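Trainee: Please find structure.txt (compact mmCIF, C-alpha atoms and all ligand atoms) on the next line:
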# COMPACT_ATOMS: atom_id res chain seq x y z
CA MET B 102 -285.80 4.95 236.19
CA ALA B 103 -282.39 4.65 237.86
CA LYS B 104 -279.50 5.75 235.72
CA LEU B 105 -277.11 3.24 234.23
CA ARG B 106 -273.83 3.30 236.22
CA VAL B 107 -271.07 3.27 233.61
CA ALA B 108 -267.29 2.87 233.98
CA VAL B 109 -264.65 3.54 231.31
CA ILE B 110 -261.49 1.41 231.33
CA GLY B 111 -258.61 3.03 229.43
CA CYS B 112 -258.65 6.82 229.36
CA GLY B 113 -256.78 7.61 226.15
CA ALA B 114 -257.81 9.20 222.87
CA ILE B 115 -260.96 7.24 222.01
CA ALA B 116 -262.27 7.41 225.59
CA ILE B 117 -261.68 11.15 225.83
CA ARG B 118 -262.90 12.06 222.34
CA ARG B 119 -265.90 9.74 222.05
CA HIS B 120 -266.92 7.37 224.85
CA ILE B 121 -266.77 9.73 227.83
CA PRO B 122 -268.40 12.82 226.22
CA GLU B 123 -271.08 10.68 224.56
CA TYR B 124 -271.93 8.96 227.87
CA ALA B 125 -271.94 12.36 229.58
CA ALA B 126 -274.44 13.62 227.00
CA ASN B 127 -276.75 10.61 227.49
CA SER B 128 -279.44 11.29 230.10
CA ASN B 129 -279.75 7.58 230.96
CA VAL B 130 -276.13 7.42 232.14
CA GLU B 131 -274.15 8.28 235.24
CA LEU B 132 -270.38 8.05 234.73
CA VAL B 133 -269.23 6.43 237.98
CA ALA B 134 -265.60 5.37 237.50
CA PHE B 135 -262.53 5.45 235.26
CA ALA B 136 -259.38 3.30 235.16
CA ASP B 137 -255.99 3.89 233.58
CA PRO B 138 -252.58 2.77 234.88
CA VAL B 139 -250.88 6.05 233.91
CA PRO B 140 -251.04 8.17 237.05
CA GLY B 141 -253.36 11.16 236.71
CA ARG B 142 -255.08 10.03 233.51
CA ALA B 143 -258.21 8.57 235.12
CA GLN B 144 -258.16 11.32 237.74
CA GLY B 145 -258.11 13.95 235.00
CA VAL B 146 -261.38 12.71 233.52
CA ALA B 147 -262.93 12.10 236.96
CA ASP B 148 -262.18 15.73 237.85
CA GLN B 149 -264.02 16.84 234.74
CA TYR B 150 -266.94 14.39 234.66
CA GLY B 151 -267.31 13.19 238.27
CA GLY B 152 -266.85 9.57 239.37
CA VAL B 153 -263.96 7.74 241.02
CA ALA B 154 -260.50 7.22 239.48
CA TYR B 155 -258.56 3.95 239.60
CA THR B 156 -255.16 2.87 238.29
CA ASP B 157 -256.25 -0.76 238.24
CA PHE B 158 -259.36 -1.99 236.41
CA GLU B 159 -259.78 -5.08 238.61
CA THR B 160 -260.16 -2.97 241.75
CA LEU B 161 -262.62 -0.74 239.89
CA LEU B 162 -264.77 -3.73 238.89
CA ARG B 163 -264.70 -5.18 242.41
CA GLU B 164 -265.41 -1.95 244.29
CA VAL B 165 -267.74 -0.13 241.89
CA LYS B 166 -269.65 -3.05 240.32
CA PRO B 167 -270.71 -0.91 237.33
CA ASP B 168 -273.79 -1.80 235.26
CA ALA B 169 -271.87 -1.24 232.04
CA VAL B 170 -268.25 -0.80 230.97
CA SER B 171 -266.46 0.64 227.94
CA VAL B 172 -263.18 -1.11 227.20
CA CYS B 173 -260.88 1.48 225.57
CA THR B 174 -257.51 -0.12 226.31
CA PRO B 175 -254.77 -1.27 223.92
CA ASN B 176 -255.98 -4.18 221.75
CA GLY B 177 -254.10 -6.87 223.65
CA LEU B 178 -256.12 -6.12 226.79
CA HIS B 179 -259.56 -6.18 225.15
CA ALA B 180 -260.17 -9.86 225.94
CA PRO B 181 -258.95 -10.02 229.56
CA VAL B 182 -260.63 -6.73 230.51
CA SER B 183 -263.92 -7.57 228.76
CA ILE B 184 -264.07 -11.04 230.29
CA ALA B 185 -263.36 -9.63 233.76
CA ALA B 186 -266.08 -7.01 233.26
CA SER B 187 -268.63 -9.63 232.12
CA ARG B 188 -267.77 -11.79 235.13
CA ALA B 189 -268.26 -8.75 237.35
CA GLY B 190 -271.81 -8.54 235.96
CA ALA B 191 -271.41 -5.61 233.55
CA HIS B 192 -272.61 -5.12 229.99
CA VAL B 193 -269.52 -4.55 227.82
CA LEU B 194 -268.81 -2.21 224.92
CA VAL B 195 -265.35 -3.12 223.64
CA GLU B 196 -263.39 -1.16 221.07
CA LYS B 197 -262.25 -2.73 217.82
CA PRO B 198 -260.52 -5.02 216.98
CA MET B 199 -262.53 -6.94 219.57
CA ALA B 200 -259.61 -9.29 220.32
CA GLY B 201 -256.22 -10.51 219.17
CA SER B 202 -257.36 -14.01 218.21
CA ALA B 203 -260.55 -15.87 217.36
CA GLY B 204 -260.20 -17.93 220.55
CA GLU B 205 -260.16 -14.76 222.66
CA GLY B 206 -263.20 -13.44 220.80
CA GLU B 207 -265.09 -16.66 221.45
CA ALA B 208 -264.15 -16.54 225.15
CA MET B 209 -265.48 -12.96 225.37
CA ILE B 210 -268.78 -14.00 223.79
CA ALA B 211 -269.04 -16.97 226.16
CA ALA B 212 -268.28 -14.83 229.23
CA ALA B 213 -270.99 -12.29 228.35
CA LYS B 214 -273.49 -15.08 227.68
CA ALA B 215 -272.67 -16.83 230.98
CA ALA B 216 -273.23 -13.53 232.80
CA GLY B 217 -276.50 -12.87 230.95
CA LYS B 218 -275.10 -9.50 229.79
CA PHE B 219 -274.57 -7.84 226.42
CA LEU B 220 -271.30 -7.61 224.51
CA MET B 221 -271.07 -4.96 221.80
CA VAL B 222 -268.10 -4.02 219.59
CA GLY B 223 -267.31 -0.37 218.69
CA HIS B 224 -267.63 -0.74 214.90
CA ASN B 225 -268.74 2.87 214.44
CA GLN B 226 -268.35 2.85 210.64
CA ARG B 227 -271.78 1.19 210.46
CA LEU B 228 -273.35 4.24 212.07
CA MET B 229 -271.70 6.97 209.99
CA PRO B 230 -274.41 8.81 208.00
CA PRO B 231 -272.84 8.12 204.54
CA HIS B 232 -272.75 4.38 205.30
CA VAL B 233 -276.30 4.36 206.66
CA LYS B 234 -277.46 6.08 203.45
CA ALA B 235 -275.48 3.67 201.26
CA LYS B 236 -277.00 0.68 203.04
CA GLU B 237 -280.48 2.13 202.49
CA ILE B 238 -279.78 2.60 198.74
CA LEU B 239 -278.42 -0.95 198.37
CA ALA B 240 -281.45 -2.34 200.22
CA SER B 241 -283.80 -0.50 197.84
CA GLY B 242 -282.57 -2.82 195.07
CA LYS B 243 -282.23 -0.04 192.47
CA LEU B 244 -278.55 -0.84 191.90
CA GLY B 245 -279.05 -4.60 191.66
CA ARG B 246 -276.33 -7.00 192.80
CA VAL B 247 -272.94 -5.72 193.90
CA LEU B 248 -270.42 -7.21 191.45
CA THR B 249 -267.13 -5.69 192.56
CA PHE B 250 -265.91 -3.12 195.09
CA ARG B 251 -263.00 -1.35 196.65
CA THR B 252 -262.86 -0.14 200.23
CA ALA B 253 -259.96 1.69 201.85
CA PHE B 254 -258.94 3.34 205.08
CA GLY B 255 -255.65 5.18 205.17
CA HIS B 256 -254.20 8.01 207.27
CA PRO B 257 -250.73 9.08 208.44
CA GLY B 258 -250.74 6.68 211.42
CA PRO B 259 -251.61 6.84 215.13
CA GLU B 260 -248.67 9.05 216.18
CA SER B 261 -250.81 12.17 216.20
CA TRP B 262 -253.85 10.37 217.62
CA SER B 263 -252.80 8.20 220.58
CA VAL B 264 -252.28 9.95 223.94
CA ASP B 265 -248.77 8.49 223.92
CA GLY B 266 -247.84 9.78 220.47
CA LYS B 267 -244.82 8.13 218.85
CA GLU B 268 -244.24 6.05 221.98
CA SER B 269 -247.71 4.54 221.71
CA TRP B 270 -248.62 0.90 222.29
CA PHE B 271 -250.07 1.03 218.72
CA PHE B 272 -246.51 0.32 217.45
CA ARG B 273 -245.78 -2.62 219.79
CA LYS B 274 -246.98 -6.04 218.72
CA GLN B 275 -247.15 -7.29 222.30
CA ASP B 276 -249.83 -4.69 223.10
CA ALA B 277 -251.37 -4.04 219.67
CA ILE B 278 -251.23 -7.59 218.20
CA MET B 279 -251.60 -5.95 214.76
CA GLY B 280 -250.95 -2.53 213.24
CA ALA B 281 -252.87 -0.80 210.45
CA MET B 282 -254.95 -3.93 209.90
CA GLY B 283 -256.21 -3.97 213.49
CA ASP B 284 -256.60 -0.21 213.55
CA LEU B 285 -258.14 0.42 210.11
CA GLY B 286 -258.53 -2.84 208.16
CA VAL B 287 -261.01 -4.33 210.63
CA HIS B 288 -263.23 -1.25 210.21
CA LYS B 289 -263.47 -2.05 206.51
CA SER B 290 -263.92 -5.82 206.83
CA ASP B 291 -266.82 -5.01 209.13
CA LEU B 292 -268.19 -2.32 206.82
CA ILE B 293 -268.13 -4.46 203.68
CA ARG B 294 -269.78 -7.45 205.42
CA TRP B 295 -272.51 -5.19 206.77
CA LEU B 296 -273.05 -3.08 203.60
CA LEU B 297 -273.29 -6.10 201.32
CA ASP B 298 -275.10 -8.24 203.90
CA ASP B 299 -272.61 -10.91 202.86
CA GLU B 300 -269.62 -12.83 204.24
CA VAL B 301 -266.01 -12.92 203.09
CA VAL B 302 -265.15 -16.50 202.07
CA ASP B 303 -261.64 -16.14 200.63
CA ILE B 304 -258.86 -13.61 201.08
CA ALA B 305 -255.43 -13.07 199.55
CA ALA B 306 -253.30 -10.39 201.15
CA PHE B 307 -249.97 -8.61 201.23
CA VAL B 308 -249.42 -7.23 204.74
CA GLY B 309 -246.20 -5.56 205.76
CA THR B 310 -244.24 -2.68 207.24
CA LEU B 311 -243.19 -0.25 204.54
CA ASP B 312 -242.18 2.92 206.33
CA LYS B 313 -242.78 3.14 210.09
CA LYS B 314 -239.63 2.84 212.19
CA ASP B 315 -239.11 1.14 215.55
CA THR B 316 -242.17 -1.03 215.21
CA ASP B 317 -242.92 -4.72 214.84
CA VAL B 318 -246.45 -4.27 213.45
CA ASP B 319 -247.79 -3.77 209.91
CA ASP B 320 -248.29 -0.30 208.43
CA ASN B 321 -249.86 -1.35 205.10
CA ALA B 322 -252.09 -4.08 203.71
CA SER B 323 -253.63 -4.71 200.31
CA CYS B 324 -256.15 -7.53 200.18
CA ILE B 325 -258.41 -9.19 197.62
CA LEU B 326 -261.70 -10.52 198.95
CA ARG B 327 -264.21 -12.98 197.51
CA MET B 328 -267.65 -12.85 199.05
CA LYS B 329 -270.19 -15.66 199.49
CA SER B 330 -272.38 -13.97 196.83
CA GLY B 331 -269.48 -14.23 194.37
CA ALA B 332 -268.67 -10.50 194.46
CA VAL B 333 -264.94 -9.74 194.50
CA GLY B 334 -263.19 -6.61 195.67
CA THR B 335 -260.24 -5.04 197.41
CA LEU B 336 -259.63 -3.84 200.96
CA VAL B 337 -256.71 -1.55 201.75
CA ALA B 338 -255.46 -0.38 205.16
CA SER B 339 -252.58 2.08 205.49
CA TRP B 340 -250.77 4.13 208.09
CA THR B 341 -248.61 5.81 205.43
CA TYR B 342 -251.11 8.02 203.62
CA TYR B 343 -249.13 11.05 204.79
CA LYS B 344 -251.09 13.08 202.26
CA GLY B 345 -254.39 12.12 200.70
CA GLY B 346 -256.08 10.22 203.53
CA ASP B 347 -258.81 7.89 202.33
CA ASN B 348 -261.92 6.47 203.95
CA SER B 349 -263.84 5.75 200.76
CA THR B 350 -265.73 2.80 199.37
CA ILE B 351 -266.97 2.26 195.80
CA LEU B 352 -269.42 -0.47 194.84
CA TRP B 353 -269.91 -1.35 191.16
CA CYS B 354 -273.29 -2.97 190.75
CA GLU B 355 -275.45 -4.43 187.96
CA ASN B 356 -277.26 -1.13 187.37
CA GLY B 357 -274.61 1.45 188.23
CA VAL B 358 -272.06 2.59 190.76
CA LEU B 359 -272.36 3.72 194.40
CA LYS B 360 -269.59 6.03 195.61
CA ILE B 361 -269.09 6.77 199.30
CA ASP B 362 -266.86 9.61 200.51
CA THR B 363 -265.27 10.32 197.13
CA ASP B 364 -266.58 13.91 196.95
CA PRO B 365 -265.92 16.64 199.55
CA ASN B 366 -269.55 17.82 199.57
CA ASP B 367 -271.79 14.95 198.53
CA GLN B 368 -270.84 11.95 200.64
CA VAL B 369 -272.94 9.47 198.69
CA ILE B 370 -273.28 9.47 194.90
CA VAL B 371 -275.27 7.04 192.76
CA GLU B 372 -274.62 6.96 189.02
CA LEU B 373 -276.98 4.71 187.10
CA ARG B 374 -276.36 3.10 183.70
CA ASN B 375 -279.16 5.24 182.25
CA ASP B 376 -276.97 8.27 183.03
CA THR B 377 -279.08 9.59 185.89
CA GLN B 378 -277.20 10.71 188.97
CA GLU B 379 -278.28 11.07 192.60
CA ARG B 380 -276.15 13.02 195.06
CA TYR B 381 -276.69 12.94 198.82
CA ARG B 382 -275.33 15.40 201.37
CA VAL B 383 -275.86 13.44 204.58
CA GLY B 384 -273.07 14.67 206.86
CA ALA B 385 -269.36 13.99 206.86
CA MET B 386 -267.50 10.92 208.04
CA ALA B 387 -265.58 11.38 211.29
CA THR B 388 -261.83 11.86 210.88
CA ASN B 389 -259.10 11.90 213.51
CA GLU B 390 -258.98 15.67 213.25
CA LYS B 391 -262.73 16.21 213.06
CA GLN B 392 -264.71 14.02 215.43
CA THR B 393 -268.44 13.71 215.07
CA THR B 394 -270.75 11.89 217.48
CA SER B 395 -270.17 8.21 216.80
CA GLY B 396 -273.62 7.01 217.88
CA VAL B 397 -272.02 3.83 219.21
CA ILE B 398 -272.39 4.85 222.84
CA ASP B 399 -276.06 5.82 222.44
CA ALA B 400 -276.75 2.52 220.63
CA PHE B 401 -275.10 0.57 223.49
CA VAL B 402 -277.09 2.45 226.14
CA THR B 403 -280.35 2.00 224.20
CA SER B 404 -279.68 -1.74 223.95
CA ILE B 405 -279.32 -2.01 227.71
CA VAL B 406 -282.21 0.31 228.59
CA THR B 407 -284.62 -1.46 226.21
CA ASN B 408 -283.16 -4.92 226.89
CA THR B 409 -282.55 -5.44 223.15
CA PRO B 410 -279.37 -7.30 222.11
CA PRO B 411 -276.95 -4.96 220.26
CA SER B 412 -276.85 -5.43 216.49
CA ILE B 413 -273.06 -4.88 216.48
CA SER B 414 -272.66 -7.95 218.68
CA GLY B 415 -269.63 -9.92 219.77
CA GLU B 416 -270.45 -12.47 217.06
CA GLU B 417 -270.40 -9.70 214.42
CA GLY B 418 -267.11 -8.32 215.75
CA LEU B 419 -265.62 -11.81 215.65
CA ARG B 420 -266.60 -12.40 212.00
CA SER B 421 -264.98 -9.09 211.01
CA LEU B 422 -261.86 -9.95 213.04
CA LYS B 423 -261.56 -13.37 211.39
CA VAL B 424 -261.23 -11.69 207.97
CA ILE B 425 -258.23 -9.72 209.20
CA LEU B 426 -256.64 -12.74 210.89
CA ALA B 427 -257.02 -14.65 207.60
CA ALA B 428 -255.20 -11.81 205.78
CA PHE B 429 -252.19 -12.29 208.09
CA GLU B 430 -252.31 -16.02 207.39
CA SER B 431 -252.35 -15.33 203.65
CA GLN B 432 -249.31 -13.07 203.99
CA ALA B 433 -247.44 -15.63 206.09
CA ASN B 434 -248.11 -18.58 203.78
CA GLY B 435 -248.38 -16.91 200.38
CA LEU B 436 -251.77 -18.53 199.87
CA VAL B 437 -255.41 -17.63 199.34
CA VAL B 438 -257.02 -18.34 202.72
CA ARG B 439 -260.56 -19.58 203.35
CA VAL B 440 -262.04 -17.41 206.11
N1 LIG C 1 -263.70 2.97 216.81
C1 LIG C 1 -262.73 3.76 216.40
O1 LIG C 1 -262.88 4.49 215.42
C2 LIG C 1 -261.43 3.81 217.15
C3 LIG C 1 -260.56 4.88 216.96
C4 LIG C 1 -259.36 4.88 217.68
C5 LIG C 1 -259.05 3.86 218.55
N2 LIG C 1 -259.92 2.82 218.70
C6 LIG C 1 -259.59 1.69 219.59
O2 LIG C 1 -259.67 2.12 220.93
C7 LIG C 1 -258.70 1.44 221.73
C8 LIG C 1 -257.88 2.49 222.50
O3 LIG C 1 -257.23 3.31 221.55
P1 LIG C 1 -256.85 4.83 221.82
O4 LIG C 1 -256.76 5.45 220.48
O5 LIG C 1 -257.73 5.42 222.84
O6 LIG C 1 -255.37 4.63 222.41
P2 LIG C 1 -254.55 5.60 223.38
O7 LIG C 1 -253.12 5.17 223.28
O8 LIG C 1 -254.86 7.03 223.09
O9 LIG C 1 -255.13 5.24 224.82
C9 LIG C 1 -255.04 3.96 225.41
C10 LIG C 1 -255.14 4.14 226.91
O10 LIG C 1 -255.23 2.83 227.52
C11 LIG C 1 -254.51 2.92 228.73
N3 LIG C 1 -254.19 1.59 229.27
C12 LIG C 1 -253.10 0.81 229.05
N4 LIG C 1 -253.16 -0.29 229.82
C13 LIG C 1 -254.31 -0.22 230.55
C14 LIG C 1 -254.90 -1.03 231.57
N5 LIG C 1 -254.33 -2.16 231.98
N6 LIG C 1 -256.09 -0.63 232.13
C15 LIG C 1 -256.67 0.54 231.74
N7 LIG C 1 -256.14 1.35 230.79
C16 LIG C 1 -254.98 0.98 230.20
C17 LIG C 1 -253.28 3.75 228.36
O11 LIG C 1 -252.60 4.23 229.50
C18 LIG C 1 -253.91 4.83 227.51
O12 LIG C 1 -254.31 5.92 228.31
C19 LIG C 1 -257.88 0.60 220.76
O13 LIG C 1 -258.32 -0.73 220.79
C20 LIG C 1 -258.16 1.19 219.41
O14 LIG C 1 -258.10 0.25 218.35
C21 LIG C 1 -261.10 2.79 218.03
Show me this structure written as structure tokens.

Mentor:
Amino acid sequence: MAKLRVAVIGCGAIAIRRHIPEYAANSNVELVAFADPVPGRAQGVADQYGGVAYTDFETLLREVKPDAVSVCTPNGLHAPVSIAASRAGAHVLVEKPMAGSAGEGEAMIAAAKAAGKFLMVGHNQRLMPPHVKAKEILASGKLGRVLTFRTAFGHPGPESWSVDGKESWFFRKQDAIMGAMGDLGVHKSDLIRWLLDDEVVDIAAFVGTLDKKDTDVDDNASCILRMKSGAVGTLVASWTYYKGGDNSTILWCENGVLKIDTDPNDQVIVELRNDTQERYRVGAMATNEKQTTSGVIDAFVTSIVTNTPPSISGEEGLRSLKVILAAFESQANGLVVRV
């Protein structure tokens, strides 16, 4: 079978650390082109992996006509680049948050549908081994209903992650649309929806900028969520956990508690009301410092090769985005917002 011709648009941190090496390791893929407006950035990866370098993604799409595209640009470009790629006849894997508004998300879904191509969103938290294990335990029913939860994602901020460091687009609203909420909060709105197999119906949130300088985006958010099932819980996103980074989730259920990433060795712990304990060592969560294979790229390629719609679809990405957008609305109006 002919290999899938893949292009990567945006050649910064996530492209270099995950998308490009994971495509390169996939035997169904040929990396054919890269685009990045910063001179030398696309060429640098083309020199290492083969393929043609462009400074302009539109020329890439027109000249290369790739079968599939990863969109790894700043958030504000996710919608225009994804829509252009769909119109050029490519399957699209777009990074999170999928868009800056619900309208953009809907337009991306419509463009992929009109082209008869897939749209997948890079919500890699769903594929991390501790979360896969937790989902399996919840599905077994042994814990009963989830009653309340807390989920959090905090680290020191994108300064040490983005290829542009302190000067990064991550700190500019025009390019990023949102700060810690778009970077980290949307990971957790997606995770909690998926883990609980439930939808957020109401949200109350405080979102603001507590410590980062020279920025017009949020660096912290604390939210209270009410789910369709009636479960209530909290979601926290922070760029100011300068010490004590957190990527943990705890679910208190009818029959006990499920703890994810609260212990350095055992990533998933179940404590039942009858005092029995189960501890699972299933592999660590990826951190900025320690990357593990995300699995997102392989899942995208498998979808295309087997002609099976991706489970982390545009529609899923949009529902997770809408939770975050509602949190901003709650902050702006001082109200509990119906998602
Ligand atoms: N799934 C995850 O865990 C995860 C982790 C980090 C980042 N991300 C997402 O990935 C996306 C990229 O983030 P990053 O960390 O790689 O940022 P980055 O700052 O390291 O890289 C962004 C790159 O996009 C390039 N770019 C800007 N305008 C462009 C254009 N018009 N065409 C092509 N490229 C363009 C920049 O020059 C830069 O090289 C963001 O949406 C971010 O939210 C996801």

Trainee: With all atoms listed in the file as the basis for distance, which of B:Ala215, B:Ala281, B:Leu248, B:Ile413 is at the shortest distance from Met328 in chain B?

Mentor: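 Comparing B:Ala215, B:Ala281, B:Leu248, B:Ile413 against Met328 in chain B, the winner is B:Leu248.
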
Trainee: Give me, as a PDB file with C-alpha atoms, keeping the file's coordinate frame, the set of residues whose atoms come within 7 Å of any atom of ligand LIG 1 (chain C), counting all atoms listed in the file.

Mentor:
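To be explicit, this is the file written out as pocket-v9.pdb:
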ATOM      1  CA  ILE B 110    -261.490   1.410 231.330  1.00  0.00           C
ATOM      2  CA  GLY B 111    -258.610   3.030 229.430  1.00  0.00           C
ATOM      3  CA  CYS B 112    -258.650   6.820 229.360  1.00  0.00           C
ATOM      4  CA  GLY B 113    -256.780   7.610 226.150  1.00  0.00           C
ATOM      5  CA  ALA B 114    -257.810   9.200 222.870  1.00  0.00           C
ATOM      6  CA  ILE B 115    -260.960   7.240 222.010  1.00  0.00           C
ATOM      7  CA  ALA B 116    -262.270   7.410 225.590  1.00  0.00           C
ATOM      8  CA  ALA B 136    -259.380   3.300 235.160  1.00  0.00           C
ATOM      9  CA  ASP B 137    -255.990   3.890 233.580  1.00  0.00           C
ATOM     10  CA  PRO B 138    -252.580   2.770 234.880  1.00  0.00           C
ATOM     11  CA  VAL B 139    -250.880   6.050 233.910  1.00  0.00           C
ATOM     12  CA  ARG B 142    -255.080  10.030 233.510  1.00  0.00           C
ATOM     13  CA  ASP B 157    -256.250  -0.760 238.240  1.00  0.00           C
ATOM     14  CA  PHE B 158    -259.360  -1.990 236.410  1.00  0.00           C
ATOM     15  CA  CYS B 173    -260.880   1.480 225.570  1.00  0.00           C
ATOM     16  CA  THR B 174    -257.510  -0.120 226.310  1.00  0.00           C
ATOM     17  CA  PRO B 175    -254.770  -1.270 223.920  1.00  0.00           C
ATOM     18  CA  ASN B 176    -255.980  -4.180 221.750  1.00  0.00           C
ATOM     19  CA  LEU B 178    -256.120  -6.120 226.790  1.00  0.00           C
ATOM     20  CA  GLU B 196    -263.390  -1.160 221.070  1.00  0.00           C
ATOM     21  CA  LYS B 197    -262.250  -2.730 217.820  1.00  0.00           C
ATOM     22  CA  PRO B 198    -260.520  -5.020 216.980  1.00  0.00           C
ATOM     23  CA  GLY B 223    -267.310  -0.370 218.690  1.00  0.00           C
ATOM     24  CA  HIS B 224    -267.630  -0.740 214.900  1.00  0.00           C
ATOM     25  CA  ASN B 225    -268.740   2.870 214.440  1.00  0.00           C
ATOM     26  CA  TRP B 262    -253.850  10.370 217.620  1.00  0.00           C
ATOM     27  CA  SER B 263    -252.800   8.200 220.580  1.00  0.00           C
ATOM     28  CA  VAL B 264    -252.280   9.950 223.940  1.00  0.00           C
ATOM     29  CA  ASP B 265    -248.770   8.490 223.920  1.00  0.00           C
ATOM     30  CA  SER B 269    -247.710   4.540 221.710  1.00  0.00           C
ATOM     31  CA  TRP B 270    -248.620   0.900 222.290  1.00  0.00           C
ATOM     32  CA  PHE B 271    -250.070   1.030 218.720  1.00  0.00           C
ATOM     33  CA  GLY B 283    -256.210  -3.970 213.490  1.00  0.00           C
ATOM     34  CA  ASP B 284    -256.600  -0.210 213.550  1.00  0.00           C
TER      35      ASP B 284
END

Trainee: For Ala253 in chain B, which residue out of B:Gly201, B:Gly415, B:Gly141, B:Gly345 is the nearest one, using all atoms listed in the file?

Mentor: B:Gly345

Trainee: Between B:Asp168, B:Pro411, B:Pro259, B:Leu162, which residue has the minimum interatomic distance to Ala103 in chain B, considering all atoms listed in the file?

Mentor: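 Result for the nearest residue to Ala103 in chain B: B:Asp168.
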
Trainee: Give as an MDAnalysis selection string every residue, naming chains and numbers as the document does, that has an atom within 10 Å of (-267.5, 6.6, 242.7), counting only C-alpha atoms.

Mentor: chainID B and resid 106 108 132:135 147 151:155 161 164:165 167

Trainee: Which residues are close to range 399-405 of chain B, i.e. within 12 Å by only C-alpha atoms, leaving aside same-chain residues fewer than 2 positions away? Reply as an NGL selection string.

Mentor: :B and (104-107 or 119-131 or 168-171 or 191-195 or 217-225 or 227-228 or 394-397 or 407-414)

Trainee: Generate a file of the selected residues that holds C-alpha atoms, formatted as a PDB file, in the frame of the given file.

Mentor:
ATOM      1  CA  LYS B 104    -279.500   5.750 235.720  1.00  0.00           C
ATOM      2  CA  LEU B 105    -277.110   3.240 234.230  1.00  0.00           C
ATOM      3  CA  ARG B 106    -273.830   3.300 236.220  1.00  0.00           C
ATOM      4  CA  VAL B 107    -271.070   3.270 233.610  1.00  0.00           C
ATOM      5  CA  ARG B 119    -265.900   9.740 222.050  1.00  0.00           C
ATOM      6  CA  HIS B 120    -266.920   7.370 224.850  1.00  0.00           C
ATOM      7  CA  ILE B 121    -266.770   9.730 227.830  1.00  0.00           C
ATOM      8  CA  PRO B 122    -268.400  12.820 226.220  1.00  0.00           C
ATOM      9  CA  GLU B 123    -271.080  10.680 224.560  1.00  0.00           C
ATOM     10  CA  TYR B 124    -271.930   8.960 227.870  1.00  0.00           C
ATOM     11  CA  ALA B 125    -271.940  12.360 229.580  1.00  0.00           C
ATOM     12  CA  ALA B 126    -274.440  13.620 227.000  1.00  0.00           C
ATOM     13  CA  ASN B 127    -276.750  10.610 227.490  1.00  0.00           C
ATOM     14  CA  SER B 128    -279.440  11.290 230.100  1.00  0.00           C
ATOM     15  CA  ASN B 129    -279.750   7.580 230.960  1.00  0.00           C
ATOM     16  CA  VAL B 130    -276.130   7.420 232.140  1.00  0.00           C
ATOM     17  CA  GLU B 131    -274.150   8.280 235.240  1.00  0.00           C
ATOM     18  CA  ASP B 168    -273.790  -1.800 235.260  1.00  0.00           C
ATOM     19  CA  ALA B 169    -271.870  -1.240 232.040  1.00  0.00           C
ATOM     20  CA  VAL B 170    -268.250  -0.800 230.970  1.00  0.00           C
ATOM     21  CA  SER B 171    -266.460   0.640 227.940  1.00  0.00           C
ATOM     22  CA  ALA B 191    -271.410  -5.610 233.550  1.00  0.00           C
ATOM     23  CA  HIS B 192    -272.610  -5.120 229.990  1.00  0.00           C
ATOM     24  CA  VAL B 193    -269.520  -4.550 227.820  1.00  0.00           C
ATOM     25  CA  LEU B 194    -268.810  -2.210 224.920  1.00  0.00           C
ATOM     26  CA  VAL B 195    -265.350  -3.120 223.640  1.00  0.00           C
ATOM     27  CA  GLY B 217    -276.500 -12.870 230.950  1.00  0.00           C
ATOM     28  CA  LYS B 218    -275.100  -9.500 229.790  1.00  0.00           C
ATOM     29  CA  PHE B 219    -274.570  -7.840 226.420  1.00  0.00           C
ATOM     30  CA  LEU B 220    -271.300  -7.610 224.510  1.00  0.00           C
ATOM     31  CA  MET B 221    -271.070  -4.960 221.800  1.00  0.00           C
ATOM     32  CA  VAL B 222    -268.100  -4.020 219.590  1.00  0.00           C
ATOM     33  CA  GLY B 223    -267.310  -0.370 218.690  1.00  0.00           C
ATOM     34  CA  HIS B 224    -267.630  -0.740 214.900  1.00  0.00           C
ATOM     35  CA  ASN B 225    -268.740   2.870 214.440  1.00  0.00           C
ATOM     36  CA  ARG B 227    -271.780   1.190 210.460  1.00  0.00           C
ATOM     37  CA  LEU B 228    -273.350   4.240 212.070  1.00  0.00           C
ATOM     38  CA  THR B 394    -270.750  11.890 217.480  1.00  0.00           C
ATOM     39  CA  SER B 395    -270.170   8.210 216.800  1.00  0.00           C
ATOM     40  CA  GLY B 396    -273.620   7.010 217.880  1.00  0.00           C
ATOM     41  CA  VAL B 397    -272.020   3.830 219.210  1.00  0.00           C
ATOM     42  CA  THR B 407    -284.620  -1.460 226.210  1.00  0.00           C
ATOM     43  CA  ASN B 408    -283.160  -4.920 226.890  1.00  0.00           C
ATOM     44  CA  THR B 409    -282.550  -5.440 223.150  1.00  0.00           C
ATOM     45  CA  PRO B 410    -279.370  -7.300 222.110  1.00  0.00           C
ATOM     46  CA  PRO B 411    -276.950  -4.960 220.260  1.00  0.00           C
ATOM     47  CA  SER B 412    -276.850  -5.430 216.490  1.00  0.00           C
ATOM     48  CA  ILE B 413    -273.060  -4.880 216.480  1.00  0.00           C
ATOM     49  CA  SER B 414    -272.660  -7.950 218.680  1.00  0.00           C
TER      50      SER B 414
END

Trainee: Go through B:Ala427, B:Trp295, B:Gly384, B:Gly418 and flag the residue nearest Glu207 in chain B, using all atoms listed in the file for the distances.

Mentor: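 So, comparing all the options, the nearest one is B:Gly418.
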
Trainee: I'd like to know which of B:His288, B:Arg420, B:Lys234, B:Lys314 is closest to Glu268 in chain B, using all atoms listed in the file.

Mentor: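 Among the listed residues, B:Lys314 lies closest to Glu268 in chain B.
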
Trainee: Pull the neighbourhood of (-250.4, -0.5, 207.1) for me: all residues within 9 Å in file coordinates, counting all atoms listed in the file, as a list in words.

Mentor: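 I get Gly255, Gly258, Gly280, Ala281, Met282, Asp284, Leu285, Gly286, Val308, Gly309, Thr310, Leu311, Asp312, Lys313, Val318, Asp319, Asp320, Asn321, Ala322, Ser323, Val337, Ala338, Ser339, Trp340 and Thr341 of chain B for the residues within 9 Å of that point.
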